[in-house]
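One structure is given below, encoded as C-alpha cells.
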Amino acid sequence: RSQLFLLVLRRASGDLKMPFVSFEHIAREWRCKFSSDADNASLMAAQAKLEDILAGLSSIEGVVSVQRIVCGGCLDFKVVTKLTKKAFEDWEKAGFAPESDFLSALKAIAGISNIETQTYTLEDVKMNKKDIKKAQEKKDKDQAEKPQDEKPAEDPAKKLKKVIKEGGKRGVEIEGAADMGGLQFFCTSVDEPEGDVALLVESVKAMNAKSDPADEERKGGSGHIGKMVFSAGTSQLAIVAYVPEEKQGELVCEEWLAKVVGVHAGGKVLKAGKDYSTGCIPTDADKGVFPLKIREGLILEANNFLRSKGLFPEDN
C-alpha cells in the first residue's frame, strides 16, 4: 500500500507535470480515538506509550519533526512523524518501526478504539517576508492589468452633483479641523471624482465656497485655508493644489504641487496657477505605482514640504 502511495506521488510530482504537488517530505500518521471516561484515562495512557517510544522515534535518520495532535471535541489522538523523502523510503523498508509495537500498545488500552495509519506528503508552505512582498506585488499588478468590468456611464450632471456635495462636506470638516489646530494648510483625499482632474477641481471649489447661513446644511467655508486634495482612480491619481491669495507670498502653488508629483516617475503638473494648480500620477503596474497605494505617502510628502517652509506644525 505504501509503495503504491509513493508511486502515485512520484507521478503527481513529475510524470504528470503538476509542480503544485511537488514535495520533499512524507509523513506517517498513527491515530486513534480515546474515551473521556475516568477523566480521560485512556488519553493519559496513550500519552505514556508515546513517551516510551519518543526518544527512539525522534532519533530515526531523516526525521524532521514528530507532532502530537489531540482533539478534545472529536476525541482524536494522533502522532505525525515527518521525514525527508529518501529517509521515509528507508523507514518503510524497516516496517516503520516502532509502529507495530506502538499500535499494539494502544490496542491494549481500555477506551482506545479506531486505530489507523495514514501516509501523506507534508510541506511547510509559509512564506517569508520577501516572498509575501513579491506575491502582493504580483497580485497588485495582475489586478491592475485585469480588464475592468465596464460600468454604465453615469449621468454627468448627477456625478457632478455627488462631487460637489462631497466637496462641500469636506470643506466644513477642513474648516473645523484647521481652526481647532490653528492650521493654515490642509491635505486630504476625496472619493467621488475617481481620479478625474476636472471633477477634482470642482470638488475643491466646493470646499472653498462661502457658506450660506441660510442653508439647512452647512457646506464649504474653507476658502481661507490652503489645501492639497487627492483622488484615486483606476488609471491615475489626480491632485489639486490650492493657495488662497493672502498666502501666495508664503507658498508658490505650482512649486508645492511639482514637489509632490515629482516623487514618482510619470507624475506631472497639468496646469500651473497662483491659486489652483492641477497634476496627476499615472498608474504604473511594472513599477508598483498604484493610486490607492501611493496616496497616503504623498499626503505625507505634501505636509513635509509645508513643514520645510514653516507652514505646518511639527509632529509631537
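Within each chain, counting starts at residue 1; across the C-alpha cells, chains are named A, B, ... in the order shown, with ligands numbered 1 upward in that order.
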
Within 6 Å of region 49-63 of chain A, counting only C-alpha atoms, which residues qualify if same-chain residues fewer than 3 places away don't, as number ranges by chain? A: 46, 82-84, 87

Keeping C-alpha atoms for every residue in the selection just given, could you write it to a file as an mmCIF file, in the first residue's frame?
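Okay, this is what ended up in part.cif:
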data_model
loop_
_atom_site.group_PDB
_atom_site.id
_atom_site.type_symbol
_atom_site.label_atom_id
_atom_site.label_comp_id
_atom_site.auth_asym_id
_atom_site.auth_seq_id
_atom_site.Cartn_x
_atom_site.Cartn_y
_atom_site.Cartn_z
ATOM 1 C CA ALA A 46 -1.776 6.704 25.179
ATOM 2 C CA LYS A 82 7.659 13.770 9.147
ATOM 3 C CA LEU A 83 10.766 12.632 7.252
ATOM 4 C CA THR A 84 12.665 13.525 4.131
ATOM 5 C CA ALA A 87 14.559 8.702 4.713
#

Which residues in region 73-183 of chain A does DSSP call alpha helix (DSSP H)? List them as an NGL selection string. :A and (85-93 or 99-107 or 129-145 or 156-181)

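Nearest to Met44 (chain A) of all the residues A:Ala27, A:Ile112, A:Leu199, A:Val80 is A:Ile112, based on only C-alpha atoms.
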
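CA of Thr234 (chain A) to CA of Pro152 (chain A) spans 15.8 Å [interatomic distance, one decimal].
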
Selection: 9 Å around Thr278 (chain A), only C-alpha atoms, excl. self and same-chain fewer than 2 positions, as a count of residues only: 18

Rank A:Val260, A:Thr81, A:Asp286, A:Val64 by their smallest atom-to-atom distance to Pro98 (chain A), using only C-alpha atoms, and report the top residue only.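 Among the listed residues, the smallest separation from Pro98 (chain A) belongs to A:Thr81.
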
What lies within 9 Å of Phe305 (chain A) using only C-alpha atoms, ignoring chain neighbours under 4 positions off, as a list in words? Trp256, Lys259, Val260, Leu300, Glu301, Lys309, Gly310, Leu311 and Phe312 of chain A

Put those residues in a file: all heavy atoms, as a PDB file, in the first residue's frame.
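File produced: again.pdb:
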ATOM      1  N   TRP A 256       4.723  73.735  -4.888  1.00  0.00           N
ATOM      2  CA  TRP A 256       4.235  72.734  -3.937  1.00  0.00           C
ATOM      3  C   TRP A 256       3.771  71.474  -4.674  1.00  0.00           C
ATOM      4  O   TRP A 256       4.150  70.352  -4.335  1.00  0.00           O
ATOM      5  CB  TRP A 256       3.098  73.350  -3.130  1.00  0.00           C
ATOM      6  CG  TRP A 256       2.570  72.534  -1.997  1.00  0.00           C
ATOM      7  CD1 TRP A 256       3.206  71.540  -1.326  1.00  0.00           C
ATOM      8  CD2 TRP A 256       1.272  72.649  -1.399  1.00  0.00           C
ATOM      9  NE1 TRP A 256       2.404  71.033  -0.333  1.00  0.00           N
ATOM     10  CE2 TRP A 256       1.202  71.694  -0.353  1.00  0.00           C
ATOM     11  CE3 TRP A 256       0.172  73.480  -1.630  1.00  0.00           C
ATOM     12  CZ2 TRP A 256       0.072  71.540   0.449  1.00  0.00           C
ATOM     13  CZ3 TRP A 256      -0.954  73.341  -0.833  1.00  0.00           C
ATOM     14  CH2 TRP A 256      -0.995  72.383   0.194  1.00  0.00           C
ATOM     15  N   LYS A 259       6.618  69.436  -6.365  1.00  0.00           N
ATOM     16  CA  LYS A 259       7.372  68.639  -5.398  1.00  0.00           C
ATOM     17  C   LYS A 259       6.693  67.297  -5.164  1.00  0.00           C
ATOM     18  O   LYS A 259       7.360  66.253  -5.057  1.00  0.00           O
ATOM     19  CB  LYS A 259       7.492  69.417  -4.081  1.00  0.00           C
ATOM     20  CG  LYS A 259       8.169  68.645  -2.949  1.00  0.00           C
ATOM     21  CD  LYS A 259       9.621  68.360  -3.251  1.00  0.00           C
ATOM     22  CE  LYS A 259      10.302  67.685  -2.071  1.00  0.00           C
ATOM     23  NZ  LYS A 259      11.710  67.355  -2.362  1.00  0.00           N
ATOM     24  N   VAL A 260       5.375  67.289  -5.091  1.00  0.00           N
ATOM     25  CA  VAL A 260       4.625  66.063  -4.796  1.00  0.00           C
ATOM     26  C   VAL A 260       4.545  65.138  -6.007  1.00  0.00           C
ATOM     27  O   VAL A 260       4.819  63.940  -5.899  1.00  0.00           O
ATOM     28  CB  VAL A 260       3.213  66.410  -4.281  1.00  0.00           C
ATOM     29  CG1 VAL A 260       2.371  65.151  -4.108  1.00  0.00           C
ATOM     30  CG2 VAL A 260       3.306  67.168  -2.954  1.00  0.00           C
ATOM     31  N   LEU A 300       1.738  62.713   3.056  1.00  0.00           N
ATOM     32  CA  LEU A 300       2.843  62.972   3.982  1.00  0.00           C
ATOM     33  C   LEU A 300       3.906  63.850   3.330  1.00  0.00           C
ATOM     34  O   LEU A 300       4.454  64.767   3.948  1.00  0.00           O
ATOM     35  CB  LEU A 300       3.453  61.640   4.438  1.00  0.00           C
ATOM     36  CG  LEU A 300       4.629  61.716   5.402  1.00  0.00           C
ATOM     37  CD1 LEU A 300       4.211  62.382   6.709  1.00  0.00           C
ATOM     38  CD2 LEU A 300       5.170  60.314   5.686  1.00  0.00           C
ATOM     39  N   GLU A 301       4.204  63.585   2.054  1.00  0.00           N
ATOM     40  CA  GLU A 301       5.189  64.376   1.313  1.00  0.00           C
ATOM     41  C   GLU A 301       4.745  65.831   1.211  1.00  0.00           C
ATOM     42  O   GLU A 301       5.547  66.760   1.372  1.00  0.00           O
ATOM     43  CB  GLU A 301       5.356  63.785  -0.098  1.00  0.00           C
ATOM     44  CG  GLU A 301       6.430  64.453  -0.945  1.00  0.00           C
ATOM     45  CD  GLU A 301       7.837  64.162  -0.463  1.00  0.00           C
ATOM     46  OE1 GLU A 301       8.037  63.115   0.178  1.00  0.00           O
ATOM     47  OE2 GLU A 301       8.741  64.985  -0.736  1.00  0.00           O
ATOM     48  N   LYS A 309       8.784  74.858   4.908  1.00  0.00           N
ATOM     49  CA  LYS A 309       8.510  76.288   4.721  1.00  0.00           C
ATOM     50  C   LYS A 309       8.012  76.944   6.014  1.00  0.00           C
ATOM     51  O   LYS A 309       7.695  78.138   6.018  1.00  0.00           O
ATOM     52  CB  LYS A 309       7.456  76.484   3.619  1.00  0.00           C
ATOM     53  CG  LYS A 309       7.826  75.936   2.265  1.00  0.00           C
ATOM     54  CD  LYS A 309       8.864  76.815   1.573  1.00  0.00           C
ATOM     55  CE  LYS A 309       9.126  76.357   0.150  1.00  0.00           C
ATOM     56  NZ  LYS A 309      10.094  77.228  -0.545  1.00  0.00           N
ATOM     57  N   GLY A 310       7.916  76.142   7.082  1.00  0.00           N
ATOM     58  CA  GLY A 310       7.417  76.657   8.334  1.00  0.00           C
ATOM     59  C   GLY A 310       5.923  76.918   8.307  1.00  0.00           C
ATOM     60  O   GLY A 310       5.420  77.755   9.068  1.00  0.00           O
ATOM     61  N   LEU A 311       5.203  76.198   7.446  1.00  0.00           N
ATOM     62  CA  LEU A 311       3.774  76.427   7.271  1.00  0.00           C
ATOM     63  C   LEU A 311       2.901  75.310   7.838  1.00  0.00           C
ATOM     64  O   LEU A 311       1.683  75.309   7.656  1.00  0.00           O
ATOM     65  CB  LEU A 311       3.443  76.603   5.779  1.00  0.00           C
ATOM     66  CG  LEU A 311       4.149  77.796   5.105  1.00  0.00           C
ATOM     67  CD1 LEU A 311       3.879  77.772   3.590  1.00  0.00           C
ATOM     68  CD2 LEU A 311       3.697  79.124   5.710  1.00  0.00           C
ATOM     69  N   PHE A 312       3.517  74.340   8.497  1.00  0.00           N
ATOM     70  CA  PHE A 312       2.772  73.199   9.056  1.00  0.00           C
ATOM     71  C   PHE A 312       3.450  72.802  10.348  1.00  0.00           C
ATOM     72  O   PHE A 312       4.684  72.760  10.424  1.00  0.00           O
ATOM     73  CB  PHE A 312       2.774  72.032   8.071  1.00  0.00           C
ATOM     74  CG  PHE A 312       1.705  70.993   8.333  1.00  0.00           C
ATOM     75  CD1 PHE A 312       0.410  71.199   7.896  1.00  0.00           C
ATOM     76  CD2 PHE A 312       2.007  69.837   9.026  1.00  0.00           C
ATOM     77  CE1 PHE A 312      -0.579  70.258   8.139  1.00  0.00           C
ATOM     78  CE2 PHE A 312       1.026  68.884   9.267  1.00  0.00           C
ATOM     79  CZ  PHE A 312      -0.275  69.103   8.822  1.00  0.00           C
TER      80      PHE A 312
END

Name the residues of region 270-302 of chain A that come out as strand (DSSP E or B) in a backbone DSSP run; write them as a list in words.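 Matching residues for strand (DSSP E or B) in region 270-302 of chain A are Leu270, Lys271, Tyr276, Ser277, Thr278, Gly279, Cys280, Ile281, Pro282, Asp284 and Val289 of chain A.
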
Which of these residues is nearest to Glu192 (chain A), using only C-alpha atoms: A:Ala232, A:Cys71, A:Val289, A:Ala38?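 Among the listed residues, A:Ala232 lies closest to Glu192 (chain A).
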
Gap from CA of Leu75 (chain A) to CA of Phe102 (chain A) - Å, one decimal: 18.7 Å

Excluding Met207 (chain A) and residues on its chain fewer than 3 positions from it, collect all residues at most 12 Å away from it, counting only C-alpha atoms, and give them as a ChimeraX atom specification. /A:163-175,186,188-190,200-204,210-211,218-229,242

Go ahead and compute the interatomic distance for CA of His264 (chain A) and CA of Leu306 (chain A), in Å to one decimal.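 According to the coordinates, CA of His264 (chain A) and CA of Leu306 (chain A) are separated by 18.9 Å.
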
From A:Glu194, A:Asp275, A:Asp90, A:Asp37, residue lying nearest Lys247 (chain A) [only C-alpha atoms]: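 Result for the nearest residue to Lys247 (chain A): A:Asp275.
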